[in-house]
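Enquirer: Just dropping this structure here.
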Amino acid sequence: MNNLELYEYSKTMSKVKLPVWDDLPDFPIYCDQLLQIVGDGISFMQNGDEKLITKSMVNNYVKWGMMPKPVKKKYEKMHIAYVIVITILKQVLPISKIKDGIHLQVALQGNEKTAYNSFCEAFEESMREVFVPILEKNSPYIMEEREIKYEKLAISSITTALSSKLLTEKIIETKIKNINNPGEKL
């Protein structure tokens with residue numbers, strides 16, 4: 001394979017799994033624990049030393065009404081789910097749209113648990129749809145057609161956009177390395 005780094009990245013990204021609702025702790029936790037759980041759950045997005053989530057960000061999400069307030073400085077699984085979704089989506093959407101999108105999905109799905117699990121499912125499917133073609137076919141890149149129910153169109157569209165963004169960033173990164181080091185095989 002001509003681009004081993006992109007291939008290995010695609011192999012990893014096509015297998016990404018988010019922690020589903022039932023995998024999240026059933027007991028209240030402090031903010032430091034929340035940050036650790038979220039960081040571990042979305043570590044695949046980590047690029048360098050940049051922090052994906054901080055205490056200040058969590059406090060702002062509460063202040064802006066994007067998620068419920070903690071009870072006595074303790075967070076529950078609902079808070080963890082909100083922070084995971086917000087942290088992922090802020091890579092491609094403005095905060096105001098994320099807030100509206102979360103409210104829309106909860107209304108469409110009936111509750112936070114179902115909405116969050118649907119998000120996880122859509123995200124994982126989008127990651128497979130975008131990254132698996134790199135593993136299977138050298139050229140041309142062919143994304144498979146998929147049927148999406150109307151009530152899941154927004155969530156599928158945004159998760160596909162994020163998956164495509166991650167792929168584009170990696171392609172640029174590996175191509176820049178190739179341009180800067182023309183004798184090196186990627």
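All residue names refer to the structure tokens as shown: chains lettered A, B, ... in order, residues numbered from 1 in each chain, ligands numbered from 1 in order.
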List every residue of range 112-170 of chain A that has an atom at most 9 Å from any atom of range 12-19 of chain A, giving for each one its closest atom pair and the distance in Å to one decimal, counting only C-alpha atoms, sorted by chain and then by ascending residue number, as a Markdown table.

Expert:
```
| residue | atom | partner | partner_atom | distance |
| --- | --- | --- | --- | --- |
| A:Asn117 | CA | A:Pro19 | CA | 8.9 |
| A:Cys120 | CA | A:Leu18 | CA | 5.9 |
| A:Glu121 | CA | A:Leu18 | CA | 8.4 |
| A:Phe123 | CA | A:Leu18 | CA | 8.3 |
| A:Glu124 | CA | A:Lys17 | CA | 6.3 |
| A:Glu125 | CA | A:Ser14 | CA | 8.6 |
| A:Ser126 | CA | A:Ser14 | CA | 8.8 |
| A:Met127 | CA | A:Ser14 | CA | 5.4 |
| A:Arg128 | CA | A:Ser14 | CA | 4.5 |
| A:Glu129 | CA | A:Ser14 | CA | 7.9 |
| A:Val130 | CA | A:Ser14 | CA | 7.8 |
| A:Phe131 | CA | A:Ser14 | CA | 5.3 |
| A:Val132 | CA | A:Ser14 | CA | 5.9 |
| A:Ser163 | CA | A:Met13 | CA | 8.8 |
```

Enquirer: For the selection you just gave me, I'd like the residues written to a file as a PDB file, in the first residue's frame, keeping C-alpha atoms.

Expert:
```
ATOM      1  CA  ASN A 117     -27.499   5.896  21.979  1.00  0.00           C
ATOM      2  CA  CYS A 120     -23.427   6.788  19.177  1.00  0.00           C
ATOM      3  CA  GLU A 121     -24.883   4.416  16.602  1.00  0.00           C
ATOM      4  CA  PHE A 123     -21.450   8.236  14.660  1.00  0.00           C
ATOM      5  CA  GLU A 124     -19.997   4.731  14.567  1.00  0.00           C
ATOM      6  CA  GLU A 125     -21.842   3.970  11.321  1.00  0.00           C
ATOM      7  CA  SER A 126     -20.564   7.192   9.759  1.00  0.00           C
ATOM      8  CA  MET A 127     -17.011   6.415  10.807  1.00  0.00           C
ATOM      9  CA  ARG A 128     -17.261   2.990   9.161  1.00  0.00           C
ATOM     10  CA  GLU A 129     -18.871   4.439   6.025  1.00  0.00           C
ATOM     11  CA  VAL A 130     -16.117   7.021   5.594  1.00  0.00           C
ATOM     12  CA  PHE A 131     -13.056   4.996   6.637  1.00  0.00           C
ATOM     13  CA  VAL A 132     -13.751   1.412   5.499  1.00  0.00           C
ATOM     14  CA  SER A 163     -16.032  11.656   9.894  1.00  0.00           C
TER      15      SER A 163
END
```

Enquirer: DSSP on the backbone: what in range 7-178 of chain A comes out alpha helix (DSSP H), as a PyMOL selection string?

Expert: chain A and resi 7-13+31-41+55-63+77-89+95-109+112-136+153-178

Enquirer: So which residues touch Tyr61 in chain A within 10 Å, counting only C-alpha atoms, skipping near sequence neighbours fewer than 5 positions away, as a list in words?

Expert: Lys55, Ser56, Met66, Met67, Pro68, Lys69, Tyr82, Val83, Ile86, Ile95 and Lys99 of chain A

Enquirer: Filtering to N, CA, C and O atoms, could you give me those residues as a short mmCIF file (atom, residue, chain, number, x, y, z; two decimals), in the first residue's frame?

Expert:
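Below is the file out.cif, written as the result:
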```
data_model
loop_
_atom_site.label_atom_id
_atom_site.label_comp_id
_atom_site.auth_asym_id
_atom_site.auth_seq_id
_atom_site.Cartn_x
_atom_site.Cartn_y
_atom_site.Cartn_z
N LYS A 55 -12.55 21.81 32.48
CA LYS A 55 -13.56 22.20 33.48
C LYS A 55 -14.28 23.47 33.05
O LYS A 55 -15.50 23.58 33.20
N SER A 56 -13.54 24.42 32.52
CA SER A 56 -14.14 25.68 32.08
C SER A 56 -15.18 25.44 30.98
O SER A 56 -16.25 26.06 30.99
N MET A 66 -26.82 24.32 27.85
CA MET A 66 -26.67 23.22 26.90
C MET A 66 -26.88 21.87 27.55
O MET A 66 -27.12 20.88 26.87
N MET A 67 -26.73 21.84 28.88
CA MET A 67 -26.90 20.60 29.63
C MET A 67 -27.38 20.97 31.04
O MET A 67 -27.21 22.11 31.47
N PRO A 68 -27.99 20.04 31.73
CA PRO A 68 -28.49 20.32 33.09
C PRO A 68 -27.34 20.64 34.05
O PRO A 68 -26.20 20.23 33.84
N LYS A 69 -27.68 21.36 35.10
CA LYS A 69 -26.71 21.69 36.14
C LYS A 69 -26.37 20.43 36.94
O LYS A 69 -27.23 19.58 37.15
N TYR A 82 -24.03 14.28 27.49
CA TYR A 82 -24.07 15.62 26.91
C TYR A 82 -22.66 16.10 26.55
O TYR A 82 -22.44 16.62 25.45
N VAL A 83 -21.73 15.93 27.46
CA VAL A 83 -20.37 16.43 27.21
C VAL A 83 -19.71 15.68 26.06
O VAL A 83 -19.03 16.29 25.23
N ILE A 86 -21.41 17.09 22.84
CA ILE A 86 -21.00 18.48 22.60
C ILE A 86 -19.54 18.53 22.13
O ILE A 86 -19.21 19.23 21.17
N ILE A 95 -21.65 26.24 18.65
CA ILE A 95 -22.29 25.85 19.91
C ILE A 95 -23.81 26.06 19.89
O ILE A 95 -24.55 25.20 20.35
N LYS A 99 -26.63 23.06 20.63
CA LYS A 99 -27.68 23.13 21.65
C LYS A 99 -29.04 22.82 21.02
O LYS A 99 -29.79 21.97 21.52
#
```

Enquirer: Determine the nearest neighbour of Leu34 in chain A from the options A:Lys90, A:His79, A:Lys72, A:Lys97, counting only C-alpha atoms.

Expert: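 Counting only C-alpha atoms, the residue closest to Leu34 in chain A is A:His79.
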
Enquirer: Name the residues in contact with Asp26 in chain A at a cut-off of 9 Å, using only C-alpha atoms, excluding same-chain residues fewer than 2 positions from it; report them as a ChimeraX atom specification.

Expert: /A:22-24,28,76-77

Enquirer: Suppose we keep all heavy atoms; can you now write the selection as an mmCIF file, in the first residue's frame?

Expert:
```cif
data_model
loop_
_atom_site.group_PDB
_atom_site.id
_atom_site.type_symbol
_atom_site.label_atom_id
_atom_site.label_comp_id
_atom_site.auth_asym_id
_atom_site.auth_seq_id
_atom_site.Cartn_x
_atom_site.Cartn_y
_atom_site.Cartn_z
ATOM 1 N N ASP A 22 -25.532 2.693 28.772
ATOM 2 C CA ASP A 22 -25.397 1.682 29.830
ATOM 3 C C ASP A 22 -23.945 1.431 30.242
ATOM 4 O O ASP A 22 -23.693 0.808 31.267
ATOM 5 C CB ASP A 22 -26.073 0.374 29.425
ATOM 6 C CG ASP A 22 -27.596 0.502 29.385
ATOM 7 O OD1 ASP A 22 -28.149 1.392 30.068
ATOM 8 O OD2 ASP A 22 -28.233 -0.284 28.663
ATOM 9 N N ASP A 23 -22.977 1.910 29.447
ATOM 10 C CA ASP A 23 -21.564 1.792 29.803
ATOM 11 C C ASP A 23 -21.099 2.926 30.715
ATOM 12 O O ASP A 23 -20.003 2.865 31.278
ATOM 13 C CB ASP A 23 -20.678 1.799 28.548
ATOM 14 C CG ASP A 23 -20.857 0.567 27.698
ATOM 15 O OD1 ASP A 23 -21.368 -0.456 28.215
ATOM 16 O OD2 ASP A 23 -20.500 0.621 26.504
ATOM 17 N N LEU A 24 -21.903 3.965 30.828
ATOM 18 C CA LEU A 24 -21.536 5.123 31.649
ATOM 19 C C LEU A 24 -21.829 4.827 33.121
ATOM 20 O O LEU A 24 -22.723 4.032 33.422
ATOM 21 C CB LEU A 24 -22.302 6.369 31.177
ATOM 22 C CG LEU A 24 -22.074 6.755 29.712
ATOM 23 C CD1 LEU A 24 -22.981 7.920 29.320
ATOM 24 C CD2 LEU A 24 -20.616 7.083 29.448
ATOM 25 N N PRO A 28 -23.094 9.231 40.889
ATOM 26 C CA PRO A 28 -22.605 10.602 40.689
ATOM 27 C C PRO A 28 -21.078 10.669 40.761
ATOM 28 O O PRO A 28 -20.442 9.950 41.540
ATOM 29 C CB PRO A 28 -23.232 11.383 41.846
ATOM 30 C CG PRO A 28 -24.345 10.532 42.350
ATOM 31 C CD PRO A 28 -23.974 9.114 42.051
ATOM 32 N N GLU A 76 -23.872 13.139 36.556
ATOM 33 C CA GLU A 76 -24.419 11.796 36.337
ATOM 34 C C GLU A 76 -24.229 11.399 34.881
ATOM 35 O O GLU A 76 -23.711 12.174 34.078
ATOM 36 C CB GLU A 76 -25.889 11.781 36.766
ATOM 37 C CG GLU A 76 -26.025 12.104 38.246
ATOM 38 C CD GLU A 76 -27.453 12.066 38.755
ATOM 39 O OE1 GLU A 76 -28.325 11.520 38.054
ATOM 40 O OE2 GLU A 76 -27.680 12.586 39.851
ATOM 41 N N LYS A 77 -24.680 10.199 34.529
ATOM 42 C CA LYS A 77 -24.453 9.702 33.173
ATOM 43 C C LYS A 77 -25.034 10.631 32.118
ATOM 44 O O LYS A 77 -24.465 10.785 31.046
ATOM 45 C CB LYS A 77 -24.901 8.257 32.997
ATOM 46 C CG LYS A 77 -26.351 7.985 33.092
ATOM 47 C CD LYS A 77 -26.717 6.568 32.657
ATOM 48 C CE LYS A 77 -26.019 5.515 33.456
ATOM 49 N NZ LYS A 77 -26.207 4.167 32.958
#
```

Enquirer: For Ile42 in chain A, which residue out of A:Tyr9, A:Val85, A:Ile172, A:Tyr30 is the nearest one, using only C-alpha atoms?

Expert: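 Ranking A:Tyr9, A:Val85, A:Ile172, A:Tyr30 by distance to Ile42 in chain A, first place goes to A:Val85.
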
Enquirer: Going by DSSP on the backbone, which bits of chain A are strand (DSSP E or B)? Write them as a PDB file with N, CA, C and O atoms, in the first residue's frame, please.

Expert:
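states_4.pdb written:
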```
ATOM      1  N   ILE A  29     -20.499  11.537  39.938  1.00  0.00           N
ATOM      2  CA  ILE A  29     -19.045  11.705  39.881  1.00  0.00           C
ATOM      3  C   ILE A  29     -18.700  13.194  39.905  1.00  0.00           C
ATOM      4  O   ILE A  29     -19.550  14.039  39.630  1.00  0.00           O
ATOM      5  N   VAL A  71     -25.679  18.319  40.350  1.00  0.00           N
ATOM      6  CA  VAL A  71     -26.304  18.362  41.665  1.00  0.00           C
ATOM      7  C   VAL A  71     -25.200  18.276  42.714  1.00  0.00           C
ATOM      8  O   VAL A  71     -24.485  17.274  42.772  1.00  0.00           O
ATOM      9  N   LYS A  74     -21.827  17.335  41.495  1.00  0.00           N
ATOM     10  CA  LYS A  74     -21.665  15.965  41.001  1.00  0.00           C
ATOM     11  C   LYS A  74     -22.442  15.792  39.699  1.00  0.00           C
ATOM     12  O   LYS A  74     -23.539  16.307  39.536  1.00  0.00           O
ATOM     13  N   TYR A  75     -21.840  15.016  38.824  1.00  0.00           N
ATOM     14  CA  TYR A  75     -22.392  14.781  37.499  1.00  0.00           C
ATOM     15  C   TYR A  75     -22.854  13.335  37.386  1.00  0.00           C
ATOM     16  O   TYR A  75     -22.283  12.442  37.988  1.00  0.00           O
TER      17      TYR A  75
END
```

Enquirer: CA of Ala81 in chain A and CA of Met57 in chain A, how far apart in Å?

Expert: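 Interatomic distance here is 14.6 Å.
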
Enquirer: Nearest to Tyr7 in chain A among A:Leu89, A:Ile134, A:Leu52, A:Leu166, with distances taken over only C-alpha atoms: which residue is it?

Expert: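 For Tyr7 in chain A, the nearest of the given residues is A:Ile134.
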
Enquirer: Report, in Å to a single decimal, how far apart CA of Asp32 in chain A and CA of Asp49 in chain A are.

Expert: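 It comes out at 17.8 Å.
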
Enquirer: Just the residues within 12 Å of Leu153 in chain A, please, counting only C-alpha atoms, with nothing from its chain fewer than 4 positions along; format it as a ChimeraX atom specification.

Expert: /A:101,104-105,108,118-119,122,126,146-149,157-160

Enquirer: Please, could you write that set of residues out with all heavy atoms as a short mmCIF file (atom, residue, chain, number, x, y, z; two decimals), in the first residue's frame?

Expert:
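This went into part.cif:
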```
data_model
loop_
_atom_site.label_atom_id
_atom_site.label_comp_id
_atom_site.auth_asym_id
_atom_site.auth_seq_id
_atom_site.Cartn_x
_atom_site.Cartn_y
_atom_site.Cartn_z
N GLY A 101 -29.60 21.25 18.19
CA GLY A 101 -29.59 19.88 17.68
C GLY A 101 -29.82 18.85 18.78
O GLY A 101 -30.53 17.86 18.58
N LEU A 104 -33.43 18.97 19.69
CA LEU A 104 -34.20 18.33 18.61
C LEU A 104 -34.13 16.81 18.73
O LEU A 104 -35.16 16.13 18.67
CB LEU A 104 -33.67 18.77 17.25
CG LEU A 104 -34.26 18.05 16.03
CD1 LEU A 104 -35.75 18.32 15.90
CD2 LEU A 104 -33.51 18.44 14.76
N GLN A 105 -32.93 16.27 18.91
CA GLN A 105 -32.79 14.81 18.99
C GLN A 105 -33.49 14.23 20.20
O GLN A 105 -34.12 13.17 20.11
CB GLN A 105 -31.32 14.41 18.97
CG GLN A 105 -30.67 14.55 17.62
CD GLN A 105 -31.42 13.83 16.52
OE1 GLN A 105 -31.74 12.66 16.63
NE2 GLN A 105 -31.72 14.54 15.45
N LEU A 108 -37.14 14.23 19.32
CA LEU A 108 -37.44 13.20 18.32
C LEU A 108 -37.34 11.79 18.90
O LEU A 108 -38.12 10.91 18.55
CB LEU A 108 -36.49 13.31 17.12
CG LEU A 108 -36.70 14.49 16.19
CD1 LEU A 108 -35.56 14.56 15.17
CD2 LEU A 108 -38.03 14.39 15.47
N SER A 118 -28.65 6.72 19.98
CA SER A 118 -28.81 6.93 18.54
C SER A 118 -27.63 7.71 17.96
O SER A 118 -27.17 7.42 16.86
CB SER A 118 -30.11 7.68 18.24
OG SER A 118 -31.22 6.87 18.51
N PHE A 119 -27.17 8.70 18.73
CA PHE A 119 -26.00 9.46 18.30
C PHE A 119 -24.79 8.54 18.18
O PHE A 119 -24.06 8.57 17.18
CB PHE A 119 -25.69 10.60 19.28
CG PHE A 119 -24.41 11.31 18.97
CD1 PHE A 119 -24.37 12.28 17.98
CD2 PHE A 119 -23.24 10.99 19.64
CE1 PHE A 119 -23.18 12.93 17.67
CE2 PHE A 119 -22.05 11.63 19.33
CZ PHE A 119 -22.02 12.61 18.35
N ALA A 122 -25.17 6.33 15.11
CA ALA A 122 -24.98 7.09 13.87
C ALA A 122 -23.51 7.46 13.67
O ALA A 122 -22.98 7.38 12.56
CB ALA A 122 -25.85 8.34 13.88
N SER A 126 -21.20 6.21 10.64
CA SER A 126 -20.56 7.19 9.76
C SER A 126 -19.06 6.98 9.68
O SER A 126 -18.46 7.09 8.61
CB SER A 126 -20.87 8.62 10.25
OG SER A 126 -22.23 8.90 10.10
N ARG A 146 -26.46 4.47 1.60
CA ARG A 146 -27.15 4.00 2.80
C ARG A 146 -28.49 4.71 2.93
O ARG A 146 -28.65 5.85 2.53
CB ARG A 146 -26.31 4.16 4.05
CG ARG A 146 -26.03 5.56 4.47
CD ARG A 146 -25.22 5.57 5.75
NE ARG A 146 -24.79 6.93 6.04
CZ ARG A 146 -24.26 7.31 7.15
NH1 ARG A 146 -24.06 6.46 8.11
NH2 ARG A 146 -23.90 8.55 7.34
N GLU A 147 -29.42 3.97 3.48
CA GLU A 147 -30.76 4.50 3.69
C GLU A 147 -30.83 5.08 5.10
O GLU A 147 -30.44 4.42 6.06
CB GLU A 147 -31.78 3.38 3.53
CG GLU A 147 -33.21 3.85 3.60
CD GLU A 147 -34.18 2.70 3.36
OE1 GLU A 147 -34.01 1.98 2.36
OE2 GLU A 147 -35.09 2.55 4.18
N ILE A 148 -31.33 6.31 5.20
CA ILE A 148 -31.42 6.99 6.49
C ILE A 148 -32.85 7.44 6.70
O ILE A 148 -33.43 8.11 5.85
CB ILE A 148 -30.47 8.21 6.54
CG1 ILE A 148 -29.03 7.77 6.28
CG2 ILE A 148 -30.60 8.94 7.87
CD1 ILE A 148 -28.07 8.91 6.02
N LYS A 149 -33.42 7.05 7.84
CA LYS A 149 -34.77 7.49 8.17
C LYS A 149 -34.76 8.99 8.40
O LYS A 149 -33.81 9.55 8.94
CB LYS A 149 -35.28 6.77 9.42
CG LYS A 149 -35.48 5.30 9.22
CD LYS A 149 -36.00 4.65 10.48
CE LYS A 149 -36.18 3.15 10.22
NZ LYS A 149 -36.59 2.44 11.41
N SER A 157 -26.24 13.16 9.10
CA SER A 157 -25.52 14.15 8.29
C SER A 157 -24.35 14.75 9.05
O SER A 157 -23.24 14.87 8.53
CB SER A 157 -26.47 15.27 7.85
OG SER A 157 -27.47 14.76 7.02
N ILE A 158 -24.57 15.12 10.31
CA ILE A 158 -23.51 15.76 11.07
C ILE A 158 -22.40 14.77 11.43
O ILE A 158 -21.22 15.12 11.42
CB ILE A 158 -24.04 16.52 12.31
CG1 ILE A 158 -22.96 17.44 12.89
CG2 ILE A 158 -24.54 15.57 13.38
CD1 ILE A 158 -22.46 18.49 11.95
N THR A 159 -22.76 13.54 11.73
CA THR A 159 -21.72 12.57 12.06
C THR A 159 -20.90 12.20 10.81
O THR A 159 -19.70 11.97 10.91
CB THR A 159 -22.29 11.31 12.75
OG1 THR A 159 -23.30 10.73 11.92
CG2 THR A 159 -22.87 11.64 14.12
N THR A 160 -21.55 12.19 9.66
CA THR A 160 -20.81 11.95 8.41
C THR A 160 -19.89 13.13 8.12
O THR A 160 -18.75 12.94 7.69
CB THR A 160 -21.78 11.69 7.24
OG1 THR A 160 -22.57 10.54 7.54
CG2 THR A 160 -21.03 11.48 5.94
#
```

Enquirer: Restricting the calculation to only C-alpha atoms, which member of A:Ala154, A:Lys11, A:Pro25, A:Gly65 is positioned closest to Phe44 in chain A?

Expert: A:Lys11

Enquirer: Could you jot down the CA of Val20 in chain A to CA of Tyr116 in chain A separation for me, Å, one decimal place?

Expert: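 If I compute the distance from CA of Val20 in chain A to CA of Tyr116 in chain A, I get 7.5 Å.
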
Enquirer: Return the single residue from A:Ile176, A:Leu162, A:Met78, A:Ile171 that is closest to Glu112 in chain A, with distances computed using only C-alpha atoms.

Expert: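 For Glu112 in chain A, the nearest of the given residues is A:Met78.
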
Enquirer: Name the closest residue to Glu145 in chain A among the candidates A:Leu4, A:Asn111, A:Pro133, A:Asp40; distances are taken between atoms, counting only C-alpha atoms.

Expert: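 Of A:Leu4, A:Asn111, A:Pro133, A:Asp40, the one nearest Glu145 in chain A, counting only C-alpha atoms, is A:Pro133.
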